[in-house]
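Undergrad: Structure file protein_21.json, JSON, C-alpha atoms, is pasted below:
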[["chain", "number", "residue", "atom", "x", "y", "z"],
["A", 242, "MET", "CA", -24.95, -26.34, 18.32],
["A", 243, "LYS", "CA", -24.84, -22.58, 18.41],
["A", 244, "THR", "CA", -23.35, -20.51, 15.67],
["A", 245, "PRO", "CA", -20.30, -18.45, 16.70],
["A", 246, "ARG", "CA", -21.29, -15.33, 18.58],
["A", 247, "ILE", "CA", -19.60, -11.97, 17.98],
["A", 248, "LEU", "CA", -18.78, -10.52, 21.39],
["A", 249, "ASN", "CA", -17.19, -7.27, 20.31],
["A", 250, "ALA", "CA", -15.56, -5.62, 17.35],
["A", 251, "GLU", "CA", -12.85, -3.04, 16.84],
["A", 252, "SER", "CA", -11.75, -1.11, 13.82],
["A", 253, "ILE", "CA", -8.52, 0.80, 13.42],
["A", 254, "GLU", "CA", -8.40, 4.55, 13.63],
["A", 255, "ILE", "CA", -6.56, 6.11, 10.72],
["A", 256, "GLU", "CA", -3.56, 7.94, 12.06],
["A", 257, "GLU", "CA", -2.51, 11.39, 10.82],
["A", 258, "ARG", "CA", 0.97, 11.15, 9.35],
["A", 259, "ALA", "CA", 2.97, 13.10, 6.78],
["A", 260, "ALA", "CA", 3.26, 11.37, 3.41],
["A", 261, "PRO", "CA", 6.75, 10.74, 1.99],
["A", 262, "PRO", "CA", 8.29, 14.11, 1.06],
["A", 263, "LEU", "CA", 8.85, 15.28, -2.51],
["A", 264, "GLU", "CA", 12.59, 14.66, -2.36],
["A", 265, "ARG", "CA", 11.96, 11.02, -1.54],
["A", 266, "ILE", "CA", 9.43, 10.12, -4.21],
["A", 267, "LYS", "CA", 9.63, 9.57, -7.94],
["A", 268, "PRO", "CA", 7.38, 8.27, -10.70],
["A", 269, "HIS", "CA", 7.69, 4.67, -11.77],
["A", 270, "LYS", "CA", 9.91, 4.35, -14.82],
["A", 271, "TRP", "CA", 7.26, 2.29, -16.62],
["A", 272, "LEU", "CA", 4.48, 4.88, -16.39],
["A", 273, "SER", "CA", 2.91, 5.89, -19.69],
["A", 274, "GLU", "CA", 3.43, 9.46, -20.92],
["A", 275, "GLU", "CA", -0.16, 10.30, -20.05],
["A", 276, "ASP", "CA", 0.26, 8.94, -16.50],
["A", 277, "LEU", "CA", 3.56, 10.83, -16.17],
["A", 278, "ARG", "CA", 1.77, 14.09, -17.01],
["A", 279, "GLU", "CA", -0.85, 13.28, -14.39],
["A", 280, "TYR", "CA", 1.93, 12.44, -11.93],
["A", 281, "SER", "CA", 3.43, 15.90, -12.40],
["A", 282, "THR", "CA", 0.04, 17.50, -11.81],
["A", 283, "GLN", "CA", -0.58, 15.53, -8.61],
["A", 284, "GLU", "CA", 2.95, 15.60, -7.24],
["A", 285, "ARG", "CA", 2.57, 18.77, -5.17],
["A", 286, "ASN", "CA", -0.82, 17.83, -3.73],
["A", 287, "GLY", "CA", 0.21, 14.32, -2.79],
["A", 288, "PHE", "CA", -0.89, 10.88, -3.90],
["A", 289, "GLU", "CA", -3.27, 8.27, -2.56],
["A", 290, "LEU", "CA", -0.77, 5.48, -3.08],
["A", 291, "TYR", "CA", 2.94, 5.31, -2.29],
["A", 292, "VAL", "CA", 4.87, 2.12, -3.05],
["A", 293, "SER", "CA", 8.24, 1.46, -1.46],
["A", 294, "ARG", "CA", 11.19, 0.83, -3.73],
["A", 295, "ILE", "CA", 11.58, -2.60, -2.14],
["A", 296, "ALA", "CA", 7.98, -3.61, -2.88],
["A", 297, "GLU", "CA", 8.19, -2.23, -6.42],
["A", 298, "GLU", "CA", 11.38, -4.16, -7.19],
["A", 299, "LYS", "CA", 9.93, -7.39, -5.84],
["A", 300, "MET", "CA", 6.71, -7.03, -7.88],
["A", 301, "ARG", "CA", 8.59, -6.17, -11.05],
["A", 302, "ASN", "CA", 11.12, -8.99, -10.66],
["A", 303, "HIS", "CA", 8.35, -11.46, -9.85],
["A", 304, "SER", "CA", 6.45, -10.41, -12.98],
["A", 305, "ILE", "CA", 9.55, -10.59, -15.17],
["A", 306, "ARG", "CA", 10.43, -14.05, -13.85],
["A", 307, "TYR", "CA", 6.95, -15.41, -14.59],
["A", 308, "ALA", "CA", 6.82, -13.68, -17.98],
["A", 309, "GLY", "CA", 9.79, -15.84, -18.96],
["A", 310, "GLU", "CA", 7.50, -18.84, -18.51],
["A", 311, "GLN", "CA", 4.58, -17.08, -20.26],
["A", 312, "LYS", "CA", 2.69, -16.92, -16.95],
["A", 313, "GLU", "CA", 1.02, -14.31, -14.80],
["A", 314, "ALA", "CA", 2.45, -13.43, -11.38],
["A", 315, "MET", "CA", 0.44, -12.28, -8.36],
["A", 316, "GLY", "CA", 0.79, -11.28, -4.72],
["A", 317, "LEU", "CA", -0.60, -9.13, -1.92],
["A", 318, "LEU", "CA", 0.42, -5.57, -1.07],
["A", 319, "LEU", "CA", 1.34, -5.06, 2.58],
["A", 320, "GLY", "CA", 1.35, -1.67, 4.20],
["A", 321, "TRP", "CA", -0.80, 0.69, 6.18],
["A", 322, "VAL", "CA", -3.30, 3.48, 5.66],
["A", 323, "TYR", "CA", -2.72, 7.01, 6.93],
["A", 324, "LYS", "CA", -4.21, 10.44, 6.45],
["A", 325, "GLU", "CA", -2.68, 13.82, 5.83],
["A", 326, "ASN", "CA", -4.79, 16.98, 5.78],
["A", 327, "GLY", "CA", -7.93, 14.96, 5.22],
["A", 328, "ARG", "CA", -6.42, 12.93, 2.35],
["A", 329, "ILE", "CA", -6.28, 9.20, 3.02],
["A", 330, "TYR", "CA", -3.31, 7.47, 1.48],
["A", 331, "SER", "CA", -1.84, 3.96, 1.48],
["A", 332, "LEU", "CA", 1.79, 3.19, 2.00],
["A", 333, "VAL", "CA", 2.82, -0.15, 0.49],
["A", 334, "LYS", "CA", 5.90, -1.27, 2.38],
["A", 335, "ASP", "CA", 6.35, -4.78, 1.04],
["A", 336, "ILE", "CA", 4.64, -7.58, -0.86],
["A", 337, "VAL", "CA", 4.06, -11.24, -0.13],
["A", 338, "THR", "CA", 3.42, -14.08, -2.49],
["A", 339, "THR", "CA", 3.69, -17.85, -2.72],
["A", 340, "ASP", "CA", 3.65, -20.56, -5.38],
["A", 341, "LEU", "CA", 1.00, -19.91, -7.99],
["A", 342, "GLU", "CA", -1.44, -21.74, -10.22],
["A", 343, "SER", "CA", -0.75, -19.64, -13.24],
["A", 344, "THR", "CA", -1.25, -19.54, -16.99],
["A", 345, "PHE", "CA", -0.78, -16.84, -19.65],
["A", 346, "VAL", "CA", -4.22, -15.39, -18.81],
["A", 347, "ASN", "CA", -5.06, -16.47, -15.27],
["A", 348, "VAL", "CA", -3.47, -16.64, -11.82],
["A", 349, "ARG", "CA", -4.29, -17.57, -8.25],
["A", 350, "PHE", "CA", -2.43, -18.90, -5.23],
["A", 351, "ASP", "CA", -1.54, -22.59, -5.39],
["A", 352, "ARG", "CA", -4.08, -24.41, -3.19],
["A", 353, "GLY", "CA", -1.25, -26.26, -1.48],
["A", 354, "ALA", "CA", 0.96, -23.24, -0.91],
["A", 355, "PHE", "CA", -0.97, -21.09, 1.56],
["A", 356, "GLU", "CA", 1.37, -21.96, 4.39],
["A", 357, "LYS", "CA", 4.27, -20.46, 2.46],
["A", 358, "LEU", "CA", 2.20, -17.28, 2.04],
["A", 359, "PHE", "CA", 1.33, -17.27, 5.74],
["A", 360, "GLN", "CA", 4.96, -17.77, 6.70],
["A", 361, "ALA", "CA", 5.78, -14.70, 4.59],
["A", 362, "LEU", "CA", 3.08, -12.76, 6.49],
["A", 363, "GLU", "CA", 4.52, -13.97, 9.80],
["A", 364, "ASP", "CA", 7.97, -12.85, 8.64],
["A", 365, "ALA", "CA", 6.78, -9.41, 7.50],
["A", 366, "GLY", "CA", 8.22, -7.90, 10.68],
["A", 367, "PHE", "CA", 5.76, -5.00, 10.87],
["A", 368, "ASN", "CA", 2.07, -4.46, 11.49],
["A", 369, "TYR", "CA", 0.32, -4.56, 8.17],
["A", 370, "ILE", "CA", -2.94, -4.20, 6.35],
["A", 371, "VAL", "CA", -3.35, -5.91, 2.99],
["A", 372, "THR", "CA", -3.76, -2.68, 1.06],
["A", 373, "GLY", "CA", -4.42, -4.42, -2.25],
["A", 374, "TRP", "CA", -2.92, -6.85, -4.70],
["A", 375, "TYR", "CA", -0.72, -6.95, -7.77],
["A", 376, "HIS", "CA", -0.63, -9.21, -10.74],
["A", 377, "SER", "CA", 0.92, -9.26, -14.18],
["A", 378, "HIS", "CA", -0.43, -9.30, -17.73],
["A", 379, "PRO", "CA", 2.58, -10.58, -19.69],
["A", 380, "GLY", "CA", 2.34, -8.90, -23.08],
["A", 381, "HIS", "CA", -1.33, -8.00, -22.95],
["A", 382, "GLY", "CA", -1.26, -4.51, -21.44],
["A", 383, "CYS", "CA", -2.37, -2.99, -18.14],
["A", 384, "PHE", "CA", -6.14, -3.05, -17.64],
["A", 385, "MET", "CA", -8.65, -4.68, -15.30],
["A", 386, "SER", "CA", -10.21, -7.79, -16.83],
["A", 387, "SER", "CA", -13.62, -9.04, -15.70],
["A", 388, "THR", "CA", -11.87, -11.53, -13.33],
["A", 389, "ASP", "CA", -9.75, -8.69, -11.92],
["A", 390, "LEU", "CA", -12.84, -6.55, -11.40],
["A", 391, "TYR", "CA", -14.56, -9.40, -9.58],
["A", 392, "THR", "CA", -11.53, -9.73, -7.28],
["A", 393, "GLN", "CA", -11.41, -5.99, -6.68],
["A", 394, "ARG", "CA", -15.11, -5.84, -5.80],
["A", 395, "THR", "CA", -14.97, -8.94, -3.61],
["A", 396, "TYR", "CA", -11.95, -8.03, -1.51],
["A", 397, "PHE", "CA", -10.68, -4.58, -2.24],
["A", 398, "GLY", "CA", -13.74, -2.37, -2.52],
["A", 399, "ASP", "CA", -12.45, 0.34, -0.21],
["A", 400, "ARG", "CA", -11.06, 3.44, -1.86],
["A", 401, "ALA", "CA", -7.77, 2.93, 0.00],
["A", 402, "HIS", "CA", -7.27, -0.45, -1.69],
["A", 403, "SER", "CA", -5.36, -0.68, -4.95],
["A", 404, "ALA", "CA", -4.80, -3.16, -7.75],
["A", 405, "ILE", "CA", -1.41, -2.87, -9.44],
["A", 406, "VAL", "CA", -1.18, -4.41, -12.91],
["A", 407, "ILE", "CA", 2.22, -4.93, -14.52],
["A", 408, "ASP", "CA", 3.02, -5.84, -18.11],
["A", 409, "PRO", "CA", 6.71, -6.76, -17.91],
["A", 410, "MET", "CA", 7.01, -7.46, -21.63],
["A", 411, "ASN", "CA", 5.82, -4.02, -22.69],
["A", 412, "MET", "CA", 7.33, -2.39, -19.58],
["A", 413, "GLU", "CA", 4.03, -0.90, -18.42],
["A", 414, "ILE", "CA", 2.51, -0.48, -14.99],
["A", 415, "LYS", "CA", -0.80, 0.94, -13.75],
["A", 416, "ALA", "CA", -2.69, 1.07, -10.48],
["A", 417, "PHE", "CA", -6.47, 0.99, -10.16],
["A", 418, "TYR", "CA", -9.06, 1.49, -7.44],
["A", 419, "LEU", "CA", -12.81, 1.28, -7.09],
["A", 420, "GLU", "CA", -14.92, 4.38, -6.69],
["A", 421, "GLY", "CA", -18.40, 3.06, -6.11],
["A", 422, "LYS", "CA", -18.85, 0.52, -8.86],
["A", 423, "ARG", "CA", -16.45, 2.19, -11.28],
["A", 424, "ILE", "CA", -12.82, 1.26, -11.68],
["A", 425, "LYS", "CA", -10.42, 4.19, -11.93],
["A", 426, "ASN", "CA", -6.79, 4.72, -12.76],
["A", 427, "ARG", "CA", -4.71, 5.66, -9.73],
["A", 428, "ILE", "CA", -1.50, 7.62, -10.15],
["A", 429, "PHE", "CA", 1.08, 6.55, -7.59],
["A", 430, "ALA", "CA", 4.59, 7.36, -6.46],
["A", 431, "ILE", "CA", 7.57, 5.23, -5.59],
["A", 432, "TYR", "CA", 9.15, 6.27, -2.28],
["A", 433, "TRP", "CA", 12.38, 5.45, -0.58],
["A", 434, "ASP", "CA", 13.45, 6.24, 2.90],
["A", 435, "GLU", "CA", 15.77, 4.15, 4.99],
["A", 436, "TYR", "CA", 13.61, 4.71, 8.05],
["A", 437, "GLU", "CA", 10.48, 3.55, 6.19],
["A", 438, "ASN", "CA", 12.24, 0.38, 5.20],
["A", 439, "PRO", "CA", 10.56, -2.33, 7.29],
["A", 440, "TYR", "CA", 13.86, -4.14, 7.42],
["A", 441, "TYR", "CA", 15.94, -1.09, 8.37],
["A", 442, "GLY", "CA", 18.64, -2.05, 10.81],
["A", 443, "THR", "CA", 18.16, -5.75, 10.18],
["A", 444, "CYS", "CA", 21.40, -7.48, 9.44],
["A", 445, "VAL", "CA", 20.97, -9.82, 6.52],
["A", 446, "ARG", "CA", 24.57, -10.92, 6.18],
["A", 447, "LYS", "CA", 27.00, -11.69, 8.93],
["A", 448, "LYS", "CA", 30.30, -9.97, 8.51],
["A", 449, "VAL", "CA", 33.12, -12.36, 9.17],
["A", 450, "ILE", "CA", 36.25, -10.68, 10.45],
["A", 451, "LYS", "CA", 39.31, -12.78, 10.11],
["A", 452, "SER", "CA", 41.96, -11.76, 12.52],
["A", 453, "ASN", "CA", 45.56, -11.96, 11.49],
["A", 454, "PRO", "CA", 47.64, -13.01, 14.44],
["A", 455, "ASN", "CA", 50.80, -11.60, 12.83],
["A", 456, "ARG", "CA", 49.32, -8.16, 12.23],
["A", 457, "VAL", "CA", 50.37, -5.48, 14.67],
["A", 458, "SER", "CA", 47.62, -3.15, 15.76],
["A", 459, "PRO", "CA", 48.31, 0.53, 14.94],
["A", 460, "THR", "CA", 47.72, 1.39, 18.58],
["A", 461, "GLU", "CA", 50.40, -0.94, 19.79],
["B", 506, "MET", "CA", -20.96, -50.25, 32.11],
["B", 507, "THR", "CA", -18.75, -47.28, 31.43],
["B", 508, "LEU", "CA", -19.99, -43.74, 31.31],
["B", 509, "GLU", "CA", -18.61, -41.49, 28.64],
["B", 510, "LEU", "CA", -18.04, -38.22, 30.38],
["B", 511, "PRO", "CA", -17.76, -35.09, 28.27],
["B", 512, "THR", "CA", -14.23, -33.79, 27.95],
["B", 513, "VAL", "CA", -13.33, -30.24, 28.90],
["B", 514, "CYS", "CA", -13.14, -29.48, 25.21],
["B", 515, "ASP", "CA", -16.71, -30.75, 24.65],
["B", 516, "ILE", "CA", -18.36, -28.53, 27.21],
["B", 517, "MET", "CA", -16.27, -25.39, 27.16],
["B", 518, "SER", "CA", -16.71, -22.49, 24.86],
["B", 519, "LEU", "CA", -13.71, -20.48, 23.88],
["B", 520, "ARG", "CA", -13.00, -17.04, 22.60],
["B", 521, "VAL", "CA", -10.88, -16.19, 19.61],
["B", 522, "LYS", "CA", -10.00, -12.95, 17.92],
["B", 523, "VAL", "CA", -10.36, -12.78, 14.14],
["B", 524, "ARG", "CA", -8.52, -10.05, 12.27],
["B", 525, "ASN", "CA", -9.58, -8.77, 8.88],
["B", 526, "ALA", "CA", -6.28, -8.46, 6.99],
["B", 527, "GLU", "CA", -7.76, -5.96, 4.51],
["B", 528, "SER", "CA", -8.75, -3.41, 7.12],
["B", 529, "GLY", "CA", -6.98, -4.29, 10.37],
["B", 530, "ALA", "CA", -10.40, -4.57, 12.07],
["B", 531, "THR", "CA", -10.97, -7.37, 14.57],
["B", 532, "VAL", "CA", -13.92, -9.25, 16.03],
["B", 533, "GLU", "CA", -13.91, -11.35, 19.16],
["B", 534, "MET", "CA", -15.97, -14.52, 18.80],
["B", 535, "GLU", "CA", -17.29, -17.08, 21.18],
["B", 536, "LEU", "CA", -17.08, -20.62, 19.80],
["B", 537, "GLU", "CA", -18.09, -24.09, 20.77],
["B", 538, "SER", "CA", -15.87, -27.04, 20.11],
["B", 539, "GLU", "CA", -18.24, -28.40, 17.44],
["B", 540, "ASN", "CA", -18.21, -25.19, 15.44],
["B", 541, "THR", "CA", -16.30, -25.52, 12.20],
["B", 542, "ILE", "CA", -13.69, -23.26, 10.67],
["B", 543, "ASP", "CA", -16.27, -22.44, 7.98],
["B", 544, "ASP", "CA", -18.59, -21.22, 10.77],
["B", 545, "ILE", "CA", -15.86, -18.85, 11.94],
["B", 546, "ILE", "CA", -15.21, -17.58, 8.43],
["B", 547, "GLU", "CA", -18.93, -17.11, 7.78],
["B", 548, "GLY", "CA", -19.42, -15.32, 11.10],
["B", 549, "ALA", "CA", -16.53, -12.93, 10.60],
["B", 550, "ALA", "CA", -17.04, -12.36, 6.87],
["B", 551, "GLY", "CA", -20.76, -11.86, 7.48],
["B", 552, "TYR", "CA", -20.03, -9.26, 10.12],
["B", 553, "TRP", "CA", -17.86, -7.34, 7.65],
["B", 554, "GLU", "CA", -20.34, -7.96, 4.83],
["B", 555, "LYS", "CA", -17.85, -9.98, 2.82],
["B", 556, "ASP", "CA", -18.26, -13.12, 0.71],
["B", 557, "ALA", "CA", -17.24, -15.91, 3.09],
["B", 558, "GLY", "CA", -16.36, -18.32, 0.27],
["B", 559, "ALA", "CA", -13.63, -16.02, -0.93],
["B", 560, "TYR", "CA", -11.42, -16.13, 2.15],
["B", 561, "VAL", "CA", -9.04, -18.43, 3.94],
["B", 562, "LEU", "CA", -8.28, -18.41, 7.65],
["B", 563, "ARG", "CA", -4.85, -18.69, 9.17],
["B", 564, "ARG", "CA", -3.48, -19.31, 12.61],
["B", 565, "GLY", "CA", 0.17, -18.39, 12.46],
["B", 566, "LYS", "CA", 1.50, -20.08, 9.36],
["B", 567, "ARG", "CA", -1.14, -22.82, 9.42],
["B", 568, "LEU", "CA", -4.12, -22.89, 7.06],
["B", 569, "LEU", "CA", -7.31, -23.79, 8.94],
["B", 570, "ARG", "CA", -9.38, -26.18, 6.86],
["B", 571, "GLY", "CA", -13.05, -25.32, 6.45],
["B", 572, "GLN", "CA", -14.66, -28.59, 7.51],
["B", 573, "GLN", "CA", -12.50, -29.04, 10.59],
["B", 574, "THR", "CA", -14.15, -28.41, 13.93],
["B", 575, "VAL", "CA", -12.64, -26.04, 16.46],
["B", 576, "ALA", "CA", -11.58, -29.07, 18.51],
["B", 577, "GLU", "CA", -10.02, -30.84, 15.52],
["B", 578, "ALA", "CA", -8.18, -27.70, 14.50],
["B", 579, "GLY", "CA", -6.77, -27.46, 18.02],
["B", 580, "LEU", "CA", -7.89, -23.89, 18.57],
["B", 581, "LEU", "CA", -7.22, -22.53, 22.03],
["B", 582, "ASN", "CA", -8.82, -19.83, 24.08],
["B", 583, "ASN", "CA", -7.60, -16.34, 23.04],
["B", 584, "ASP", "CA", -6.11, -17.56, 19.76],
["B", 585, "GLU", "CA", -5.65, -14.88, 17.14],
["B", 586, "LEU", "CA", -6.72, -15.80, 13.64],
["B", 587, "GLU", "CA", -6.55, -13.83, 10.43],
["B", 588, "LEU", "CA", -8.92, -13.73, 7.48],
["B", 589, "ILE", "CA", -6.86, -13.61, 4.30],
["B", 590, "PRO", "CA", -8.13, -12.73, 0.82],
["B", 591, "ASP", "CA", -7.68, -15.36, -1.87],
["B", 592, "PRO", "CA", -7.72, -13.29, -5.06],
["B", 593, "GLU", "CA", -7.75, -14.38, -8.68],
["B", 594, "GLY", "CA", -6.33, -12.44, -11.58],
["B", 595, "GLY", "CA", -7.05, -12.80, -15.25]]
Go ahead and render the structure in this file as structure tokens.

TA:
Amino acid sequence: MKTPRILNAESIEIEERAAPPLERIKPHKWLSEEDLREYSTQERNGFELYVSRIAEEKMRNHSIRYAGEQKEAMGLLLGWVYKENGRIYSLVKDIVTTDLESTFVNVRFDRGAFEKLFQALEDAGFNYIVTGWYHSHPGHGCFMSSTDLYTQRTYFGDRAHSAIVIDPMNMEIKAFYLEGKRIKNRIFAIYWDEYENPYYGTCVRKKVIKSNPNRVSPTE
Amino acid sequence: MTLELPTVCDIMSLRVKVRNAESGATVEMELESENTIDDIIEGAAGYWEKDAGAYVLRRGKRLLRGQQTVAEAGLLNNDELELIPDPEGG
């Protein structure tokens, strides 16, 4: 039996595209004072990570829900990578997750719940790259543990990849990335733009119009 | 005496495309029906210099199990598969 043979390979070309404008970004409300100062410094030059309001809300709510059970939450960041004036940046449009095997200090996807995760990927509704991952540290602060570092090095070693860590009990959030072998703090912005919303124009609720047969139309 | 003739699946090779979810890159692979899902993961992860044991492979919403052969998994010519990271946080 032969081993599988690679016939050809393709990589994506990073497209030039303007980052979300200043009037459509803001710092996360859980940033530390030090990170907020850094945010102000970087704001005009642009960031390397922009997280949509939808993705941010989902991550935060997920983390809060699991914190109630004294457990860590986790999921994958979905988006794309662009460049602007030579600066490569990631746009996180949404997140996906599934059932978890989780404790107060450890988390991974439930071995029996991958299909739920894959269904979420199928339902994403846009072309995506997994631009990183998020997980929570309920009550123990935002840092990269040795397990987190292993994960970052194994999967997300590219500079464009990010790890978002959320402590919902202390209302803290931080993003990290790898530069060579060193882990670094990444300042990021929250963006909102209807047209960037991957679900823009998608009707989520059917409007039921009840007609009143006795009502006379104003045009009549 | 009956002769056991090889089925089409036994003798044909097939091509699949594997996408790296972390980068959007793809590889096209030629497989034989006896190749396993682990062979595919190792081939693709090896090409991208990744740790094969750390990934799972999906076809649509279905998880492809490592020890299954291509024939058992029901893979078809020109199928598109995706290599998904399986992270752990602590």

Undergrad: My list of candidates is B:Gly558, B:Gly594, B:Gly551, B:Gly571. Which is closest to chain A when distances are computed with only C-alpha atoms?

TA: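 Of B:Gly558, B:Gly594, B:Gly551, B:Gly571, the one nearest chain A is B:Gly594, counting only C-alpha atoms.
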
Undergrad: Which of these residues is nearest to Leu581 of chain B, using all atoms listed in the file: B:Ser538, B:Ile546, B:Ala526, B:Lys555?

TA: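 Going through B:Ser538, B:Ile546, B:Ala526, B:Lys555 one by one, the smallest distance to Leu581 of chain B is for B:Ser538.
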
Undergrad: For a test of reading the model, state the distance in Å between atom CA of Lys299 of chain A and atom CA of Ile336 of chain A, rounded to one decimal.

TA: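 Pair atom CA of Lys299 of chain A / atom CA of Ile336 of chain A returns 7.3 Å.
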
Undergrad: Would you give me, as a ChimeraX atom specification, the residues of chain B that come within 8 Å of chain A, using all atoms listed in the file?

TA: /B:526-537,539-540,544-545,548,555-556,559,563,565-568,590-595

Undergrad: In terms of the shortest atom-to-atom distance over only C-alpha atoms, which of A:Ser273, A:Thr338, A:Ser304, A:Asn326 is closest to Arg258 of chain A?

TA: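 With only C-alpha atoms as the atom set, the closest residue is A:Asn326.
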
Undergrad: Just checking: using all atoms listed in the file, which residue out of B:Arg570, B:Ile589, B:Gly579, B:Ser518 ends up closest to Ile542 of chain B?

TA: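 Checking each of B:Arg570, B:Ile589, B:Gly579, B:Ser518 against Ile542 of chain B, counting all atoms listed in the file, the winner is B:Arg570.
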